[in-house]
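Structure file run-v8.txt (compact mmCIF, N, CA, C and O atoms) follows.
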# COMPACT_ATOMS: atom_id res chain seq x y z
N MET Y 19 -31.82 40.27 -2.23
CA MET Y 19 -31.85 40.49 -0.81
C MET Y 19 -33.26 40.31 -0.25
O MET Y 19 -33.40 40.14 0.95
N ARG Y 20 -34.25 40.33 -1.10
CA ARG Y 20 -35.61 40.21 -0.57
C ARG Y 20 -35.90 38.80 -0.07
O ARG Y 20 -36.82 38.59 0.70
N HIS Y 21 -35.10 37.79 -0.50
CA HIS Y 21 -35.30 36.41 -0.05
C HIS Y 21 -34.31 36.02 1.04
O HIS Y 21 -34.25 34.86 1.43
N ALA Y 22 -33.55 36.96 1.53
CA ALA Y 22 -32.51 36.65 2.52
C ALA Y 22 -33.10 36.06 3.80
O ALA Y 22 -32.54 35.09 4.35
N LEU Y 23 -34.20 36.56 4.27
CA LEU Y 23 -34.81 36.05 5.49
C LEU Y 23 -35.24 34.60 5.32
O LEU Y 23 -35.01 33.76 6.19
N VAL Y 24 -35.85 34.28 4.19
CA VAL Y 24 -36.29 32.91 3.92
C VAL Y 24 -35.10 31.95 3.90
O VAL Y 24 -35.13 30.88 4.52
N PHE Y 25 -34.04 32.34 3.20
CA PHE Y 25 -32.87 31.47 3.11
C PHE Y 25 -32.14 31.35 4.44
O PHE Y 25 -31.58 30.31 4.76
N ASN Y 26 -32.14 32.40 5.24
CA ASN Y 26 -31.54 32.32 6.58
C ASN Y 26 -32.32 31.37 7.47
O ASN Y 26 -31.74 30.62 8.26
N ILE Y 27 -33.63 31.38 7.37
CA ILE Y 27 -34.45 30.46 8.15
C ILE Y 27 -34.22 29.01 7.70
O ILE Y 27 -34.07 28.11 8.53
N ILE Y 28 -34.16 28.78 6.39
CA ILE Y 28 -33.86 27.44 5.88
C ILE Y 28 -32.49 26.98 6.36
O ILE Y 28 -32.32 25.83 6.77
N SER Y 29 -31.51 27.85 6.32
CA SER Y 29 -30.17 27.52 6.78
C SER Y 29 -30.16 27.19 8.26
O SER Y 29 -29.50 26.23 8.70
N LEU Y 30 -30.88 27.94 9.07
CA LEU Y 30 -30.95 27.69 10.51
C LEU Y 30 -31.62 26.36 10.80
O LEU Y 30 -31.13 25.58 11.63
N ILE Y 31 -32.69 26.05 10.10
CA ILE Y 31 -33.38 24.77 10.29
C ILE Y 31 -32.47 23.61 9.91
O ILE Y 31 -32.38 22.60 10.61
N THR Y 32 -31.75 23.74 8.78
CA THR Y 32 -30.81 22.71 8.35
C THR Y 32 -29.70 22.51 9.38
O THR Y 32 -29.33 21.37 9.70
N PHE Y 33 -29.18 23.58 9.92
CA PHE Y 33 -28.13 23.49 10.94
C PHE Y 33 -28.64 22.79 12.19
O PHE Y 33 -27.96 21.91 12.75
N ILE Y 34 -29.83 23.15 12.64
CA ILE Y 34 -30.39 22.53 13.85
C ILE Y 34 -30.63 21.03 13.62
O ILE Y 34 -30.32 20.21 14.48
N LEU Y 35 -31.15 20.66 12.44
CA LEU Y 35 -31.33 19.24 12.13
C LEU Y 35 -30.01 18.50 12.09
O LEU Y 35 -29.91 17.36 12.56
N ALA Y 36 -28.97 19.12 11.54
CA ALA Y 36 -27.66 18.48 11.50
C ALA Y 36 -27.13 18.22 12.91
O ALA Y 36 -26.59 17.14 13.20
N VAL Y 37 -27.28 19.18 13.80
CA VAL Y 37 -26.83 19.00 15.18
C VAL Y 37 -27.63 17.90 15.87
O VAL Y 37 -27.06 17.06 16.59
N ILE Y 38 -28.93 17.85 15.65
CA ILE Y 38 -29.77 16.81 16.25
C ILE Y 38 -29.35 15.42 15.76
O ILE Y 38 -29.17 14.50 16.55
N PHE Y 39 -29.17 15.28 14.44
CA PHE Y 39 -28.78 13.98 13.90
C PHE Y 39 -27.38 13.57 14.35
O PHE Y 39 -27.13 12.40 14.61
N LEU Y 40 -26.45 14.50 14.44
CA LEU Y 40 -25.11 14.17 14.92
C LEU Y 40 -25.13 13.73 16.38
O LEU Y 40 -24.41 12.83 16.78
N SER Y 41 -25.96 14.36 17.19
CA SER Y 41 -26.01 14.00 18.60
C SER Y 41 -26.75 12.69 18.85
O SER Y 41 -26.45 11.98 19.79
N THR Y 42 -27.72 12.35 18.01
CA THR Y 42 -28.48 11.11 18.23
C THR Y 42 -27.90 9.92 17.49
O THR Y 42 -27.83 8.83 18.03
N LYS Y 43 -27.47 10.10 16.26
CA LYS Y 43 -26.97 8.98 15.46
C LYS Y 43 -25.46 8.89 15.44
O LYS Y 43 -24.90 7.83 15.20
N GLY Y 44 -24.76 9.98 15.66
CA GLY Y 44 -23.30 9.97 15.61
C GLY Y 44 -22.79 9.90 14.19
O GLY Y 44 -23.54 9.94 13.22
N LEU Y 45 -21.47 9.77 14.06
CA LEU Y 45 -20.84 9.67 12.76
C LEU Y 45 -20.53 8.22 12.43
O LEU Y 45 -20.16 7.45 13.31
N HIS Y 46 -20.68 7.85 11.18
CA HIS Y 46 -20.29 6.53 10.73
C HIS Y 46 -18.85 6.64 10.22
O HIS Y 46 -18.61 7.17 9.13
N LEU Y 47 -17.91 6.18 11.02
CA LEU Y 47 -16.50 6.27 10.65
C LEU Y 47 -16.13 5.07 9.80
O LEU Y 47 -16.30 3.93 10.21
N GLY Y 48 -15.62 5.31 8.63
CA GLY Y 48 -15.24 4.25 7.72
C GLY Y 48 -13.87 3.69 8.02
O GLY Y 48 -13.19 4.07 8.98
N VAL Y 49 -13.42 2.76 7.18
CA VAL Y 49 -12.14 2.10 7.34
C VAL Y 49 -10.99 3.11 7.30
O VAL Y 49 -9.99 2.96 8.00
N ASN Y 50 -11.14 4.17 6.53
CA ASN Y 50 -10.06 5.15 6.41
C ASN Y 50 -9.81 5.90 7.71
O ASN Y 50 -8.74 6.45 7.91
N LEU Y 51 -10.78 5.96 8.63
CA LEU Y 51 -10.59 6.65 9.90
C LEU Y 51 -10.37 5.70 11.07
O LEU Y 51 -9.73 6.06 12.05
N THR Y 52 -10.90 4.49 11.00
CA THR Y 52 -10.80 3.57 12.12
C THR Y 52 -9.76 2.48 11.92
O THR Y 52 -9.48 1.72 12.83
N GLY Y 53 -9.20 2.38 10.75
CA GLY Y 53 -8.24 1.32 10.45
C GLY Y 53 -8.97 0.10 9.90
O GLY Y 53 -10.17 -0.04 10.05
N GLY Y 54 -8.24 -0.77 9.29
CA GLY Y 54 -8.85 -1.97 8.72
C GLY Y 54 -8.27 -2.27 7.35
O GLY Y 54 -7.19 -1.81 7.00
N THR Y 55 -9.00 -3.03 6.59
CA THR Y 55 -8.53 -3.49 5.28
C THR Y 55 -9.55 -3.13 4.21
O THR Y 55 -10.75 -3.32 4.41
N VAL Y 56 -9.06 -2.62 3.10
CA VAL Y 56 -9.90 -2.35 1.94
C VAL Y 56 -9.35 -3.19 0.79
O VAL Y 56 -8.16 -3.15 0.50
N MET Y 57 -10.24 -3.95 0.16
CA MET Y 57 -9.83 -4.82 -0.96
C MET Y 57 -10.65 -4.47 -2.19
O MET Y 57 -11.87 -4.33 -2.11
N GLU Y 58 -9.97 -4.36 -3.30
CA GLU Y 58 -10.64 -4.18 -4.59
C GLU Y 58 -10.51 -5.49 -5.34
O GLU Y 58 -9.40 -5.97 -5.58
N ILE Y 59 -11.64 -6.09 -5.69
CA ILE Y 59 -11.64 -7.42 -6.31
C ILE Y 59 -12.25 -7.31 -7.69
O ILE Y 59 -13.34 -6.76 -7.86
N ASN Y 60 -11.53 -7.84 -8.67
CA ASN Y 60 -12.00 -7.85 -10.06
C ASN Y 60 -12.44 -9.25 -10.45
O ASN Y 60 -11.73 -10.22 -10.19
N TYR Y 61 -13.62 -9.36 -11.04
CA TYR Y 61 -14.16 -10.62 -11.51
C TYR Y 61 -14.19 -10.62 -13.03
O TYR Y 61 -14.15 -9.58 -13.66
N GLY Y 62 -14.32 -11.79 -13.62
CA GLY Y 62 -14.46 -11.91 -15.07
C GLY Y 62 -15.91 -11.80 -15.50
O GLY Y 62 -16.23 -11.93 -16.67
N HIS Y 63 -16.79 -11.58 -14.55
CA HIS Y 63 -18.23 -11.46 -14.83
C HIS Y 63 -18.80 -10.38 -13.93
O HIS Y 63 -18.10 -9.80 -13.11
N THR Y 64 -20.08 -10.11 -14.07
CA THR Y 64 -20.73 -9.08 -13.26
C THR Y 64 -20.75 -9.50 -11.80
O THR Y 64 -21.04 -10.65 -11.47
N VAL Y 65 -20.43 -8.57 -10.92
CA VAL Y 65 -20.35 -8.84 -9.48
C VAL Y 65 -21.74 -8.93 -8.89
O VAL Y 65 -22.60 -8.08 -9.15
N ASP Y 66 -21.97 -9.95 -8.07
CA ASP Y 66 -23.21 -10.07 -7.29
C ASP Y 66 -22.89 -9.61 -5.87
O ASP Y 66 -22.43 -10.38 -5.03
N VAL Y 67 -23.13 -8.32 -5.60
CA VAL Y 67 -22.76 -7.71 -4.32
C VAL Y 67 -23.50 -8.37 -3.16
O VAL Y 67 -22.92 -8.59 -2.10
N ASP Y 68 -24.76 -8.72 -3.36
CA ASP Y 68 -25.53 -9.36 -2.29
C ASP Y 68 -24.95 -10.73 -1.92
O ASP Y 68 -24.93 -11.11 -0.75
N LYS Y 69 -24.45 -11.47 -2.88
CA LYS Y 69 -23.84 -12.78 -2.61
C LYS Y 69 -22.55 -12.61 -1.80
O LYS Y 69 -22.28 -13.39 -0.89
N ILE Y 70 -21.77 -11.58 -2.11
CA ILE Y 70 -20.54 -11.32 -1.34
C ILE Y 70 -20.90 -10.94 0.09
O ILE Y 70 -20.28 -11.42 1.04
N ARG Y 71 -21.92 -10.09 0.26
CA ARG Y 71 -22.35 -9.71 1.62
C ARG Y 71 -22.80 -10.92 2.41
O ARG Y 71 -22.48 -11.07 3.59
N ASP Y 72 -23.58 -11.81 1.78
CA ASP Y 72 -24.05 -13.01 2.48
C ASP Y 72 -22.88 -13.92 2.86
O ASP Y 72 -22.91 -14.55 3.92
N THR Y 73 -21.86 -13.98 2.02
CA THR Y 73 -20.69 -14.80 2.32
C THR Y 73 -19.90 -14.23 3.49
O THR Y 73 -19.40 -14.98 4.34
N LEU Y 74 -19.79 -12.91 3.57
CA LEU Y 74 -19.02 -12.27 4.64
C LEU Y 74 -19.81 -12.06 5.92
O LEU Y 74 -19.22 -11.71 6.94
N LYS Y 75 -21.11 -12.27 5.90
CA LYS Y 75 -21.95 -12.01 7.07
C LYS Y 75 -21.50 -12.79 8.32
O LYS Y 75 -21.44 -12.21 9.40
N PRO Y 76 -21.14 -14.08 8.23
CA PRO Y 76 -20.68 -14.78 9.44
C PRO Y 76 -19.34 -14.25 9.97
O PRO Y 76 -19.06 -14.32 11.15
N VAL Y 77 -18.51 -13.70 9.09
CA VAL Y 77 -17.19 -13.21 9.49
C VAL Y 77 -17.30 -11.90 10.25
O VAL Y 77 -16.77 -11.74 11.35
N GLU Y 78 -17.97 -10.94 9.69
CA GLU Y 78 -18.11 -9.60 10.30
C GLU Y 78 -19.48 -9.07 9.93
O GLU Y 78 -19.63 -8.32 8.97
N PRO Y 79 -20.52 -9.42 10.70
CA PRO Y 79 -21.89 -9.11 10.28
C PRO Y 79 -22.26 -7.63 10.29
O PRO Y 79 -23.08 -7.20 9.50
N ARG Y 80 -21.67 -6.83 11.17
CA ARG Y 80 -22.16 -5.47 11.31
C ARG Y 80 -21.34 -4.43 10.56
O ARG Y 80 -21.87 -3.48 10.05
N ARG Y 81 -20.03 -4.60 10.52
CA ARG Y 81 -19.20 -3.50 10.06
C ARG Y 81 -18.52 -3.74 8.71
O ARG Y 81 -17.71 -2.95 8.29
N CYS Y 82 -18.83 -4.80 8.04
CA CYS Y 82 -18.26 -5.09 6.73
C CYS Y 82 -19.02 -4.30 5.67
O CYS Y 82 -20.24 -4.26 5.66
N THR Y 83 -18.28 -3.63 4.77
CA THR Y 83 -18.92 -2.89 3.69
C THR Y 83 -18.55 -3.51 2.35
O THR Y 83 -17.39 -3.82 2.11
N VAL Y 84 -19.53 -3.71 1.52
CA VAL Y 84 -19.33 -4.24 0.16
C VAL Y 84 -20.09 -3.34 -0.79
O VAL Y 84 -21.26 -3.05 -0.58
N GLN Y 85 -19.38 -2.89 -1.83
CA GLN Y 85 -20.05 -2.04 -2.81
C GLN Y 85 -19.45 -2.26 -4.19
O GLN Y 85 -18.31 -2.70 -4.31
N SER Y 86 -20.25 -2.00 -5.20
CA SER Y 86 -19.77 -2.05 -6.56
C SER Y 86 -18.84 -0.86 -6.76
O SER Y 86 -19.09 0.23 -6.26
N PHE Y 87 -17.75 -1.08 -7.50
CA PHE Y 87 -16.73 -0.04 -7.60
C PHE Y 87 -16.23 0.04 -9.03
O PHE Y 87 -15.76 -0.94 -9.58
N GLY Y 88 -16.33 1.20 -9.63
CA GLY Y 88 -15.83 1.38 -10.99
C GLY Y 88 -16.75 0.74 -12.00
O GLY Y 88 -17.77 1.30 -12.37
N SER Y 89 -16.41 -0.45 -12.45
CA SER Y 89 -17.23 -1.15 -13.43
C SER Y 89 -18.12 -2.17 -12.74
O SER Y 89 -18.04 -2.37 -11.54
N SER Y 90 -18.95 -2.84 -13.52
CA SER Y 90 -19.85 -3.85 -12.95
C SER Y 90 -19.12 -5.12 -12.58
O SER Y 90 -19.69 -6.00 -11.95
N GLN Y 91 -17.83 -5.23 -12.94
CA GLN Y 91 -17.04 -6.42 -12.64
C GLN Y 91 -16.10 -6.22 -11.45
O GLN Y 91 -15.29 -7.09 -11.15
N THR Y 92 -16.20 -5.10 -10.77
CA THR Y 92 -15.29 -4.79 -9.67
C THR Y 92 -16.08 -4.54 -8.39
O THR Y 92 -17.10 -3.86 -8.41
N ALA Y 93 -15.59 -5.10 -7.29
CA ALA Y 93 -16.21 -4.90 -5.97
C ALA Y 93 -15.17 -4.33 -5.03
O ALA Y 93 -13.97 -4.63 -5.12
N LEU Y 94 -15.62 -3.51 -4.09
CA LEU Y 94 -14.76 -2.94 -3.06
C LEU Y 94 -15.27 -3.45 -1.72
O LEU Y 94 -16.43 -3.26 -1.37
N ILE Y 95 -14.40 -4.12 -0.96
CA ILE Y 95 -14.76 -4.72 0.32
C ILE Y 95 -13.95 -4.04 1.41
O ILE Y 95 -12.72 -3.95 1.31
N GLY Y 96 -14.61 -3.57 2.45
CA GLY Y 96 -13.94 -2.96 3.58
C GLY Y 96 -14.20 -3.76 4.84
O GLY Y 96 -15.33 -4.06 5.19
N LEU Y 97 -13.12 -4.16 5.53
CA LEU Y 97 -13.22 -4.91 6.78
C LEU Y 97 -12.57 -4.11 7.89
O LEU Y 97 -11.50 -3.52 7.70
N PRO Y 98 -13.18 -4.07 9.07
CA PRO Y 98 -12.62 -3.29 10.18
C PRO Y 98 -11.37 -3.96 10.75
O PRO Y 98 -11.14 -5.15 10.57
N ALA Y 99 -10.56 -3.17 11.46
CA ALA Y 99 -9.38 -3.70 12.14
C ALA Y 99 -9.84 -4.61 13.27
O ALA Y 99 -10.88 -4.41 13.87
N GLN Y 100 -9.02 -5.64 13.57
CA GLN Y 100 -9.35 -6.57 14.64
C GLN Y 100 -8.29 -6.50 15.72
O GLN Y 100 -7.10 -6.28 15.44
N GLN Y 101 -8.71 -6.71 16.96
CA GLN Y 101 -7.79 -6.69 18.09
C GLN Y 101 -6.79 -7.84 17.97
O GLN Y 101 -7.15 -8.97 17.67
N GLY Y 102 -5.53 -7.55 18.21
CA GLY Y 102 -4.50 -8.58 18.22
C GLY Y 102 -3.98 -9.00 16.86
O GLY Y 102 -3.14 -9.88 16.76
N VAL Y 103 -4.48 -8.42 15.80
CA VAL Y 103 -4.03 -8.77 14.46
C VAL Y 103 -3.18 -7.62 13.95
O VAL Y 103 -3.65 -6.50 13.83
N PRO Y 104 -1.88 -7.87 13.66
CA PRO Y 104 -1.03 -6.78 13.20
C PRO Y 104 -1.43 -6.30 11.81
O PRO Y 104 -1.90 -7.05 10.98
N ALA Y 105 -1.23 -5.01 11.60
CA ALA Y 105 -1.54 -4.43 10.30
C ALA Y 105 -0.43 -4.72 9.31
O ALA Y 105 0.74 -4.60 9.61
N ARG Y 106 -0.80 -5.18 8.13
CA ARG Y 106 0.17 -5.47 7.08
C ARG Y 106 -0.33 -4.84 5.79
O ARG Y 106 -1.52 -4.61 5.61
N SER Y 107 0.58 -4.61 4.89
CA SER Y 107 0.21 -4.05 3.61
C SER Y 107 0.55 -5.06 2.52
O SER Y 107 1.68 -5.49 2.40
N CYS Y 108 -0.44 -5.47 1.74
CA CYS Y 108 -0.26 -6.39 0.63
C CYS Y 108 -0.80 -5.74 -0.62
O CYS Y 108 -1.82 -5.07 -0.57
N ARG Y 109 -0.15 -5.99 -1.69
CA ARG Y 109 -0.67 -5.48 -2.95
C ARG Y 109 -0.29 -6.45 -4.05
O ARG Y 109 0.88 -6.73 -4.27
N LYS Y 110 -1.28 -6.97 -4.73
CA LYS Y 110 -1.06 -7.87 -5.85
C LYS Y 110 -1.23 -7.08 -7.13
O LYS Y 110 -2.24 -6.44 -7.34
N LEU Y 111 -0.21 -7.10 -7.95
CA LEU Y 111 -0.27 -6.34 -9.21
C LEU Y 111 -0.63 -7.24 -10.35
O LEU Y 111 -0.41 -8.36 -10.40
For this file, write the structure as structure tokens.
Amino acid sequence: MRHALVFNIISLITFILAVIFLSTKGLHLGVNLTGGTVMEINYGHTVDVDKIRDTLKPVEPRRCTVQSFGSSQTALIGLPAQQGVPARSCRKL
């Protein structure tokens, strides 16, 4: 209990910073909240994530997400929903 004041002050500062960052930067809503397409792609070799990003840059430069997923041979690509394009579900097994 002798450190309670210190930890309460740290907690208050953290809370105030969180409110400031939320009000200035906002939330980054991913594909799971805004809609869109998520693709998991498996390669026979190590994935070059930067090359995939460069390839997708002309298509969707700001909101496309590419990340390594699971192993070094798997990539996860997220594309936002587009106006006028109906949502469909595809799955290749």
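Distance check against Ala99 (chain Y) using all atoms listed in the file: of Y:Gly54, Y:Phe87, Y:Cys82, Y:Asn60, the minimum falls on Y:Gly54.
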Margin query: Considering all atoms listed in the file, can you say which of Y:Asn26, Y:Ser89, Y:Thr83, Y:Thr42 comes closest to Arg71 (chain Y)?
Written below: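 The shortest atom-to-atom distance to Arg71 (chain Y) comes from Y:Thr83.
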Item checked: Separation of atom N of His21 (chain Y) from CA of Phe33 (chain Y) in Å -> 19.6 Å
Next item on the list: Counting only C-alpha atoms, select every polymer residue within 8 Å of (-18.2, -6.8, -6.5) as defined in the file's coordinates, and provide the selection as an MDAnalysis selection string.
Entry: chainID Y and resid 59:61 64:67 70 84:87 90:95
Next item on the list: Could you please determine the separation between atom C of Lys75 (chain Y) and atom C of Gly96 (chain Y) in Å, to one decimal place?
Entry: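 Between atom C of Lys75 (chain Y) and atom C of Gly96 (chain Y) the gap works out to 12.1 Å.
Coordinates place CA of Met19 (chain Y) at a distance of 23.2 Å from CA of Ile34 (chain Y).
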May I ask you to restore all heavy atoms in region 31-42 of chain Y and write the result as a PDB file, keeping the file's coordinate frame?
ATOM      1  N   ILE Y  31     -32.690  26.050  10.100  1.00  0.00           N
ATOM      2  CA  ILE Y  31     -33.380  24.770  10.290  1.00  0.00           C
ATOM      3  C   ILE Y  31     -32.470  23.610   9.910  1.00  0.00           C
ATOM      4  O   ILE Y  31     -32.380  22.600  10.610  1.00  0.00           O
ATOM      5  CB  ILE Y  31     -34.698  24.736   9.488  1.00  0.00           C
ATOM      6  CG1 ILE Y  31     -35.705  25.703  10.109  1.00  0.00           C
ATOM      7  CG2 ILE Y  31     -35.278  23.329   9.432  1.00  0.00           C
ATOM      8  CD1 ILE Y  31     -36.946  25.920   9.280  1.00  0.00           C
ATOM      9  N   THR Y  32     -31.750  23.740   8.780  1.00  0.00           N
ATOM     10  CA  THR Y  32     -30.810  22.710   8.350  1.00  0.00           C
ATOM     11  C   THR Y  32     -29.700  22.510   9.380  1.00  0.00           C
ATOM     12  O   THR Y  32     -29.330  21.370   9.700  1.00  0.00           O
ATOM     13  CB  THR Y  32     -30.204  23.088   6.982  1.00  0.00           C
ATOM     14  OG1 THR Y  32     -31.261  23.319   6.051  1.00  0.00           O
ATOM     15  CG2 THR Y  32     -29.294  21.995   6.470  1.00  0.00           C
ATOM     16  N   PHE Y  33     -29.180  23.580   9.920  1.00  0.00           N
ATOM     17  CA  PHE Y  33     -28.130  23.490  10.940  1.00  0.00           C
ATOM     18  C   PHE Y  33     -28.640  22.790  12.190  1.00  0.00           C
ATOM     19  O   PHE Y  33     -27.960  21.910  12.750  1.00  0.00           O
ATOM     20  CB  PHE Y  33     -27.614  24.891  11.282  1.00  0.00           C
ATOM     21  CG  PHE Y  33     -26.618  24.892  12.389  1.00  0.00           C
ATOM     22  CD1 PHE Y  33     -25.319  24.455  12.185  1.00  0.00           C
ATOM     23  CD2 PHE Y  33     -26.987  25.313  13.661  1.00  0.00           C
ATOM     24  CE1 PHE Y  33     -24.405  24.444  13.219  1.00  0.00           C
ATOM     25  CE2 PHE Y  33     -26.082  25.306  14.698  1.00  0.00           C
ATOM     26  CZ  PHE Y  33     -24.775  24.864  14.480  1.00  0.00           C
ATOM     27  N   ILE Y  34     -29.830  23.150  12.640  1.00  0.00           N
ATOM     28  CA  ILE Y  34     -30.390  22.530  13.850  1.00  0.00           C
ATOM     29  C   ILE Y  34     -30.630  21.030  13.620  1.00  0.00           C
ATOM     30  O   ILE Y  34     -30.320  20.210  14.480  1.00  0.00           O
ATOM     31  CB  ILE Y  34     -31.695  23.254  14.258  1.00  0.00           C
ATOM     32  CG1 ILE Y  34     -31.355  24.652  14.776  1.00  0.00           C
ATOM     33  CG2 ILE Y  34     -32.459  22.462  15.312  1.00  0.00           C
ATOM     34  CD1 ILE Y  34     -32.560  25.541  15.017  1.00  0.00           C
ATOM     35  N   LEU Y  35     -31.150  20.660  12.440  1.00  0.00           N
ATOM     36  CA  LEU Y  35     -31.330  19.240  12.130  1.00  0.00           C
ATOM     37  C   LEU Y  35     -30.010  18.500  12.090  1.00  0.00           C
ATOM     38  O   LEU Y  35     -29.910  17.360  12.560  1.00  0.00           O
ATOM     39  CB  LEU Y  35     -32.065  19.091  10.797  1.00  0.00           C
ATOM     40  CG  LEU Y  35     -33.551  19.436  10.808  1.00  0.00           C
ATOM     41  CD1 LEU Y  35     -34.118  19.384   9.389  1.00  0.00           C
ATOM     42  CD2 LEU Y  35     -34.310  18.494  11.725  1.00  0.00           C
ATOM     43  N   ALA Y  36     -28.970  19.120  11.540  1.00  0.00           N
ATOM     44  CA  ALA Y  36     -27.660  18.480  11.500  1.00  0.00           C
ATOM     45  C   ALA Y  36     -27.130  18.220  12.910  1.00  0.00           C
ATOM     46  O   ALA Y  36     -26.590  17.140  13.200  1.00  0.00           O
ATOM     47  CB  ALA Y  36     -26.673  19.344  10.713  1.00  0.00           C
ATOM     48  N   VAL Y  37     -27.280  19.180  13.800  1.00  0.00           N
ATOM     49  CA  VAL Y  37     -26.830  19.000  15.180  1.00  0.00           C
ATOM     50  C   VAL Y  37     -27.630  17.900  15.870  1.00  0.00           C
ATOM     51  O   VAL Y  37     -27.060  17.060  16.590  1.00  0.00           O
ATOM     52  CB  VAL Y  37     -26.939  20.340  15.958  1.00  0.00           C
ATOM     53  CG1 VAL Y  37     -26.723  20.138  17.442  1.00  0.00           C
ATOM     54  CG2 VAL Y  37     -25.950  21.347  15.405  1.00  0.00           C
ATOM     55  N   ILE Y  38     -28.930  17.850  15.650  1.00  0.00           N
ATOM     56  CA  ILE Y  38     -29.770  16.810  16.250  1.00  0.00           C
ATOM     57  C   ILE Y  38     -29.350  15.420  15.760  1.00  0.00           C
ATOM     58  O   ILE Y  38     -29.170  14.500  16.550  1.00  0.00           O
ATOM     59  CB  ILE Y  38     -31.262  17.077  15.956  1.00  0.00           C
ATOM     60  CG1 ILE Y  38     -31.738  18.293  16.736  1.00  0.00           C
ATOM     61  CG2 ILE Y  38     -32.113  15.855  16.290  1.00  0.00           C
ATOM     62  CD1 ILE Y  38     -33.121  18.780  16.346  1.00  0.00           C
ATOM     63  N   PHE Y  39     -29.170  15.280  14.440  1.00  0.00           N
ATOM     64  CA  PHE Y  39     -28.780  13.980  13.900  1.00  0.00           C
ATOM     65  C   PHE Y  39     -27.380  13.570  14.350  1.00  0.00           C
ATOM     66  O   PHE Y  39     -27.130  12.400  14.610  1.00  0.00           O
ATOM     67  CB  PHE Y  39     -28.878  13.967  12.370  1.00  0.00           C
ATOM     68  CG  PHE Y  39     -30.286  13.881  11.873  1.00  0.00           C
ATOM     69  CD1 PHE Y  39     -30.771  14.802  10.972  1.00  0.00           C
ATOM     70  CD2 PHE Y  39     -31.148  12.897  12.312  1.00  0.00           C
ATOM     71  CE1 PHE Y  39     -32.069  14.744  10.506  1.00  0.00           C
ATOM     72  CE2 PHE Y  39     -32.459  12.817  11.858  1.00  0.00           C
ATOM     73  CZ  PHE Y  39     -32.916  13.737  10.954  1.00  0.00           C
ATOM     74  N   LEU Y  40     -26.450  14.500  14.440  1.00  0.00           N
ATOM     75  CA  LEU Y  40     -25.110  14.170  14.920  1.00  0.00           C
ATOM     76  C   LEU Y  40     -25.130  13.730  16.380  1.00  0.00           C
ATOM     77  O   LEU Y  40     -24.410  12.830  16.780  1.00  0.00           O
ATOM     78  CB  LEU Y  40     -24.167  15.364  14.754  1.00  0.00           C
ATOM     79  CG  LEU Y  40     -23.577  15.551  13.375  1.00  0.00           C
ATOM     80  CD1 LEU Y  40     -22.785  16.852  13.312  1.00  0.00           C
ATOM     81  CD2 LEU Y  40     -22.686  14.383  13.013  1.00  0.00           C
ATOM     82  N   SER Y  41     -25.960  14.360  17.190  1.00  0.00           N
ATOM     83  CA  SER Y  41     -26.010  14.000  18.600  1.00  0.00           C
ATOM     84  C   SER Y  41     -26.750  12.690  18.850  1.00  0.00           C
ATOM     85  O   SER Y  41     -26.450  11.980  19.790  1.00  0.00           O
ATOM     86  CB  SER Y  41     -26.624  15.132  19.420  1.00  0.00           C
ATOM     87  OG  SER Y  41     -27.957  15.335  19.026  1.00  0.00           O
ATOM     88  N   THR Y  42     -27.720  12.350  18.010  1.00  0.00           N
ATOM     89  CA  THR Y  42     -28.480  11.110  18.230  1.00  0.00           C
ATOM     90  C   THR Y  42     -27.900   9.920  17.490  1.00  0.00           C
ATOM     91  O   THR Y  42     -27.830   8.830  18.030  1.00  0.00           O
ATOM     92  CB  THR Y  42     -29.948  11.289  17.815  1.00  0.00           C
ATOM     93  OG1 THR Y  42     -30.011  11.661  16.439  1.00  0.00           O
ATOM     94  CG2 THR Y  42     -30.633  12.318  18.675  1.00  0.00           C
TER      95      THR Y  42
END
